[in-house]
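Taking it in order: structure first as structure tokens, then the write-up.
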Amino acid sequence: MTQDLFGEQPPEQTVEHLMDGAVVLRQFALAEAEPLLEAIGTVTSEAPFRHMKTPGGHAMSAAMSCCGQLGWVTDSRGYRYQSEDPESGRPWPDMPEAFRELARSAAETAGFDGFDPDACLINRYQPGAKMGLHQDKDEDDFSQPIVSVSLGLPIVFQFGGLKRSERPIRVPLGHGDVVVWGGPARMRYHGVLTLKAGEHPLTGGYRYNLTFRRAR
Ligand SMILES: O=C(O)CCC(=O)C(=O)O
Ligand SMILES: [Fe+2]
């Protein structure tokens with residue numbers, strides 16, 4: 001490729017291989033970031049962000065909402081998917097078409113054709129929030145991948161093994177990056193380190209994450 005003499009480089013989409021079945025699609029969602037954030041605003045005007053409680057009684061540090069046919073919830077009864085928002089008793093907001101399209105094309109780019117998510121969890125991290133190492137295992141169908149979109153402030157993603165004891169690798173994630181894992185990587189432990197304070201032009205002091213899954 002020739003150098004841009006004016007120093008203006010277009011944002012570069014690259015595919016970074018993490019492990020068998022897991023990739024980071026750098027800046028894959030960058031061009032769609034503004035409509036995606038707008039859609040997060042619409043969803044969360046109907047199903048507001050809340051700090052759900054773990055079965056052990058601790059509030060999750062990330063604020064969460066959901067859209068799609070099923071939403072992931074946690075409370076004293078455990079972790080599960082359900083079709084209604086427990087706060088309102090109403091169905092979760094529909095999954096915006098732009099979400100579904102992005103999830104499908106990211107999965108395809110990662111080699112998983114035909115991804116059809118029925119659940120989208122929206123995580124909002126404020127400085128100090130984190131998510132400890134865990135497996136996504138409340139779904140019925142592990143043949144479908146996970147698509148995880150980062151927007152706003154950067155964070156360090158941890159990607160580990162199939163056992164909790166395996167030491168995770170650290171992957172810095174920025175605005176517009178998308179991680180996809182499935183197949184042999186589907187049950188790998190993962191999480192994010194504590195969000196550091198910062199200011200992003202589109203999201204202010206927050207990081208948003210969209211996690212797409214096929215729950216049923
Ligand atoms: O925020 C992230 O990047 C990870 C979120 C996640 O793993 C989850 O919601 O299950
Ligand atoms: Fe997860």
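Convention: chains lettered A, B, ... in structure tokens order; per-chain residue numbering from 1; ligands numbered from 1 as shown.
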Selection as a PyMOL selection string: residues within 7 Å of ligand 2 by only C-alpha atoms and all ligand atoms: chain A and resi 134-136+190-191
Residues within 9 Å of ligand 1, counting only C-alpha atoms and all ligand atoms, as a count of residues only: 34
For range 84-99 of chain A: contacts at 10 Å, only C-alpha atoms, fewer than 4 positions along chain excluded, given as a PyMOL selection string: chain A and resi 32+35-36+39-40+42-48+50+65-75+103-104+117-120+149+210+212
Just the selected residues (N, CA and C atoms), exported as an mmCIF file, in the first residue's frame, please.
data_model
loop_
_atom_site.group_PDB
_atom_site.id
_atom_site.type_symbol
_atom_site.label_atom_id
_atom_site.label_comp_id
_atom_site.auth_asym_id
_atom_site.auth_seq_id
_atom_site.Cartn_x
_atom_site.Cartn_y
_atom_site.Cartn_z
ATOM 1 N N GLU A 32 -20.182 2.168 12.677
ATOM 2 C CA GLU A 32 -21.579 2.112 13.149
ATOM 3 C C GLU A 32 -21.733 2.614 14.581
ATOM 4 N N PRO A 35 -24.803 5.249 15.459
ATOM 5 C CA PRO A 35 -26.143 4.634 15.501
ATOM 6 C C PRO A 35 -26.288 3.545 16.567
ATOM 7 N N LEU A 36 -25.227 2.807 16.832
ATOM 8 C CA LEU A 36 -25.315 1.776 17.880
ATOM 9 C C LEU A 36 -25.558 2.419 19.245
ATOM 10 N N ALA A 39 -29.036 3.615 19.497
ATOM 11 C CA ALA A 39 -29.949 2.490 19.737
ATOM 12 C C ALA A 39 -29.868 2.005 21.195
ATOM 13 N N ILE A 40 -28.671 2.060 21.774
ATOM 14 C CA ILE A 40 -28.555 1.719 23.207
ATOM 15 C C ILE A 40 -29.419 2.678 24.017
ATOM 16 N N THR A 42 -32.135 4.200 23.035
ATOM 17 C CA THR A 42 -33.556 3.871 22.830
ATOM 18 C C THR A 42 -33.950 2.655 23.670
ATOM 19 N N VAL A 43 -33.125 1.606 23.596
ATOM 20 C CA VAL A 43 -33.425 0.385 24.371
ATOM 21 C C VAL A 43 -33.507 0.721 25.855
ATOM 22 N N THR A 44 -32.546 1.488 26.340
ATOM 23 C CA THR A 44 -32.482 1.704 27.786
ATOM 24 C C THR A 44 -33.443 2.793 28.265
ATOM 25 N N SER A 45 -34.108 3.469 27.321
ATOM 26 C CA SER A 45 -35.211 4.335 27.767
ATOM 27 C C SER A 45 -36.428 3.469 28.107
ATOM 28 N N GLU A 46 -36.496 2.274 27.502
ATOM 29 C CA GLU A 46 -37.596 1.337 27.811
ATOM 30 C C GLU A 46 -37.226 0.366 28.930
ATOM 31 N N ALA A 47 -35.978 -0.073 28.902
ATOM 32 C CA ALA A 47 -35.487 -1.029 29.915
ATOM 33 C C ALA A 47 -34.227 -0.428 30.532
ATOM 34 N N PRO A 48 -34.399 0.424 31.539
ATOM 35 C CA PRO A 48 -33.255 1.184 32.076
ATOM 36 C C PRO A 48 -32.132 0.307 32.637
ATOM 37 N N ARG A 50 -29.597 -1.181 35.178
ATOM 38 C CA ARG A 50 -29.730 -1.476 36.599
ATOM 39 C C ARG A 50 -28.555 -2.354 37.026
ATOM 40 N N SER A 65 -28.655 -3.902 30.852
ATOM 41 C CA SER A 65 -29.981 -3.954 30.272
ATOM 42 C C SER A 65 -29.932 -5.016 29.177
ATOM 43 N N CYS A 66 -31.077 -5.315 28.573
ATOM 44 C CA CYS A 66 -31.117 -6.353 27.546
ATOM 45 C C CYS A 66 -32.087 -5.968 26.452
ATOM 46 N N CYS A 67 -31.884 -6.578 25.292
ATOM 47 C CA CYS A 67 -32.896 -6.499 24.242
ATOM 48 C C CYS A 67 -32.882 -7.803 23.465
ATOM 49 N N GLY A 68 -33.960 -8.015 22.705
ATOM 50 C CA GLY A 68 -34.113 -9.281 21.989
ATOM 51 C C GLY A 68 -35.171 -10.135 22.663
ATOM 52 N N GLN A 69 -35.373 -11.348 22.128
ATOM 53 C CA GLN A 69 -36.424 -12.234 22.669
ATOM 54 C C GLN A 69 -36.159 -12.618 24.111
ATOM 55 N N LEU A 70 -34.863 -12.722 24.446
ATOM 56 C CA LEU A 70 -34.503 -13.162 25.790
ATOM 57 C C LEU A 70 -33.474 -12.226 26.401
ATOM 58 N N GLY A 71 -33.589 -12.043 27.698
ATOM 59 C CA GLY A 71 -32.609 -11.221 28.405
ATOM 60 C C GLY A 71 -31.960 -12.040 29.504
ATOM 61 N N TRP A 72 -30.667 -11.777 29.716
ATOM 62 C CA TRP A 72 -29.949 -12.485 30.785
ATOM 63 C C TRP A 72 -30.191 -11.740 32.089
ATOM 64 N N VAL A 73 -30.590 -12.472 33.118
ATOM 65 C CA VAL A 73 -30.817 -11.835 34.420
ATOM 66 C C VAL A 73 -30.141 -12.632 35.526
ATOM 67 N N THR A 74 -29.865 -11.940 36.614
ATOM 68 C CA THR A 74 -29.364 -12.601 37.815
ATOM 69 C C THR A 74 -30.061 -11.989 39.021
ATOM 70 N N ASP A 75 -30.410 -12.863 39.965
ATOM 71 C CA ASP A 75 -31.008 -12.408 41.231
ATOM 72 C C ASP A 75 -30.795 -13.521 42.255
ATOM 73 N N ALA A 103 -23.904 -8.161 14.547
ATOM 74 C CA ALA A 103 -23.561 -9.438 15.187
ATOM 75 C C ALA A 103 -23.380 -10.525 14.134
ATOM 76 N N ARG A 104 -24.284 -10.550 13.182
ATOM 77 C CA ARG A 104 -24.224 -11.564 12.138
ATOM 78 C C ARG A 104 -22.967 -11.391 11.276
ATOM 79 N N PRO A 117 -28.596 -14.340 16.790
ATOM 80 C CA PRO A 117 -28.723 -14.151 18.242
ATOM 81 C C PRO A 117 -30.174 -13.873 18.644
ATOM 82 N N ASP A 118 -30.581 -14.434 19.767
ATOM 83 C CA ASP A 118 -31.912 -14.108 20.308
ATOM 84 C C ASP A 118 -31.792 -13.274 21.588
ATOM 85 N N ALA A 119 -30.556 -12.994 21.992
ATOM 86 C CA ALA A 119 -30.339 -12.247 23.236
ATOM 87 C C ALA A 119 -29.176 -11.275 23.070
ATOM 88 N N CYS A 120 -29.374 -10.065 23.524
ATOM 89 C CA CYS A 120 -28.281 -9.094 23.581
ATOM 90 C C CYS A 120 -28.253 -8.471 24.970
ATOM 91 N N VAL A 149 -19.101 -6.605 21.573
ATOM 92 C CA VAL A 149 -18.767 -5.326 20.948
ATOM 93 C C VAL A 149 -18.380 -4.313 22.022
ATOM 94 N N LEU A 210 -21.762 -4.729 24.131
ATOM 95 C CA LEU A 210 -22.923 -5.491 23.658
ATOM 96 C C LEU A 210 -22.484 -6.941 23.542
ATOM 97 N N PHE A 212 -23.753 -10.533 22.315
ATOM 98 C CA PHE A 212 -24.801 -11.231 21.563
ATOM 99 C C PHE A 212 -24.640 -12.725 21.738
#
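Between CA of Glu16 in chain A and CA of Asp140 in chain A lies a distance of 28.2 Å.
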d(CA of Met187 in chain A, CA of Asp113 in chain A) in Å: 18.7 Å
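Once Gly152 in chain A and its same-chain neighbours fewer than 3 positions away are set aside, His175, His200, Thr203 and Arg207 of chain A remain within 6 Å of it when counting only C-alpha atoms.
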Please dump the current selection as a PDB file, in the first residue's frame; keep N, CA and C atoms.
ATOM      1  N   HIS A 175     -12.615   1.317  21.436  1.00  0.00           N
ATOM      2  CA  HIS A 175     -13.863   1.710  20.792  1.00  0.00           C
ATOM      3  C   HIS A 175     -14.004   1.061  19.406  1.00  0.00           C
ATOM      4  N   HIS A 200     -14.427   9.802  26.839  1.00  0.00           N
ATOM      5  CA  HIS A 200     -14.510   9.447  25.425  1.00  0.00           C
ATOM      6  C   HIS A 200     -15.457  10.416  24.722  1.00  0.00           C
ATOM      7  N   THR A 203     -18.953   8.634  24.442  1.00  0.00           N
ATOM      8  CA  THR A 203     -19.610   7.969  25.581  1.00  0.00           C
ATOM      9  C   THR A 203     -19.272   8.601  26.933  1.00  0.00           C
ATOM     10  N   ARG A 207     -17.807   2.917  29.413  1.00  0.00           N
ATOM     11  CA  ARG A 207     -17.606   1.928  28.357  1.00  0.00           C
ATOM     12  C   ARG A 207     -18.897   1.112  28.240  1.00  0.00           C
TER      13      ARG A 207
END
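Residue nearest Asp177 in chain A, chosen from A:Arg26, A:Lys163, A:His58, A:Lys53 and counting only C-alpha atoms: A:Arg26.
Scanning range 94-156 of chain A with DSSP on the backbone, the strand (DSSP E) assignments fall on Ala119, Cys120, Leu121, Ile122, Asn123, Arg124, Tyr125, Met131, Gly132, Leu133, His134, Ile146, Val147, Ser148, Val149, Ser150, Leu151, Gly152, Ile155 and Val156 of chain A.
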Nearest candidate to Arg216 in chain A (options A:Lys196, A:Arg100, A:Gln13, A:Asp116; using only C-alpha atoms): A:Asp116
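Among the candidates A:Ala129, A:Val180, A:Ala33, A:Ala197, the residue lying nearest to Leu153 in chain A is A:Ala197 (atoms considered: only C-alpha atoms).
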Pairwise distance for CA of Thr109 in chain A and CA of Val15 in chain A, rounded to one decimal in Å: 8.7 Å
Picked from range 3-95 of chain A by DSSP as helix (DSSP H, G or I), as a ChimeraX atom specification: /A:30-46
Same residues, N, CA and C atoms, saved as an mmCIF file, in the first residue's frame:
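Final output, saved to result-v4.cif:
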data_model
loop_
_atom_site.group_PDB
_atom_site.id
_atom_site.type_symbol
_atom_site.label_atom_id
_atom_site.label_comp_id
_atom_site.auth_asym_id
_atom_site.auth_seq_id
_atom_site.Cartn_x
_atom_site.Cartn_y
_atom_site.Cartn_z
ATOM 1 N N LEU A 30 -16.595 0.365 14.278
ATOM 2 C CA LEU A 30 -16.288 1.797 14.385
ATOM 3 C C LEU A 30 -17.234 2.671 13.560
ATOM 4 N N ALA A 31 -17.466 2.273 12.312
ATOM 5 C CA ALA A 31 -18.291 3.100 11.422
ATOM 6 C C ALA A 31 -19.741 3.176 11.907
ATOM 7 N N GLU A 32 -20.182 2.168 12.677
ATOM 8 C CA GLU A 32 -21.579 2.112 13.149
ATOM 9 C C GLU A 32 -21.733 2.614 14.581
ATOM 10 N N ALA A 33 -20.656 3.092 15.152
ATOM 11 C CA ALA A 33 -20.694 3.371 16.593
ATOM 12 C C ALA A 33 -21.795 4.350 16.985
ATOM 13 N N GLU A 34 -21.947 5.410 16.221
ATOM 14 C CA GLU A 34 -22.951 6.406 16.634
ATOM 15 C C GLU A 34 -24.375 5.873 16.590
ATOM 16 N N PRO A 35 -24.803 5.249 15.459
ATOM 17 C CA PRO A 35 -26.143 4.634 15.501
ATOM 18 C C PRO A 35 -26.288 3.545 16.567
ATOM 19 N N LEU A 36 -25.227 2.807 16.832
ATOM 20 C CA LEU A 36 -25.315 1.776 17.880
ATOM 21 C C LEU A 36 -25.558 2.419 19.245
ATOM 22 N N LEU A 37 -24.829 3.503 19.518
ATOM 23 C CA LEU A 37 -25.004 4.183 20.809
ATOM 24 C C LEU A 37 -26.389 4.809 20.913
ATOM 25 N N GLU A 38 -26.870 5.317 19.789
ATOM 26 C CA GLU A 38 -28.218 5.876 19.786
ATOM 27 C C GLU A 38 -29.243 4.781 20.100
ATOM 28 N N ALA A 39 -29.036 3.615 19.497
ATOM 29 C CA ALA A 39 -29.949 2.490 19.737
ATOM 30 C C ALA A 39 -29.868 2.005 21.195
ATOM 31 N N ILE A 40 -28.671 2.060 21.774
ATOM 32 C CA ILE A 40 -28.555 1.719 23.207
ATOM 33 C C ILE A 40 -29.419 2.678 24.017
ATOM 34 N N GLY A 41 -29.395 3.954 23.630
ATOM 35 C CA GLY A 41 -30.228 4.955 24.319
ATOM 36 C C GLY A 41 -31.707 4.634 24.206
ATOM 37 N N THR A 42 -32.135 4.200 23.035
ATOM 38 C CA THR A 42 -33.556 3.871 22.830
ATOM 39 C C THR A 42 -33.950 2.655 23.670
ATOM 40 N N VAL A 43 -33.125 1.606 23.596
ATOM 41 C CA VAL A 43 -33.425 0.385 24.371
ATOM 42 C C VAL A 43 -33.507 0.721 25.855
ATOM 43 N N THR A 44 -32.546 1.488 26.340
ATOM 44 C CA THR A 44 -32.482 1.704 27.786
ATOM 45 C C THR A 44 -33.443 2.793 28.265
ATOM 46 N N SER A 45 -34.108 3.469 27.321
ATOM 47 C CA SER A 45 -35.211 4.335 27.767
ATOM 48 C C SER A 45 -36.428 3.469 28.107
ATOM 49 N N GLU A 46 -36.496 2.274 27.502
ATOM 50 C CA GLU A 46 -37.596 1.337 27.811
ATOM 51 C C GLU A 46 -37.226 0.366 28.930
#
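Among A:Lys137, A:Pro184, A:Pro11, A:Arg167, the residue with the shortest atom-to-atom distance to Arg80 in chain A, counting only C-alpha atoms, is A:Lys137.
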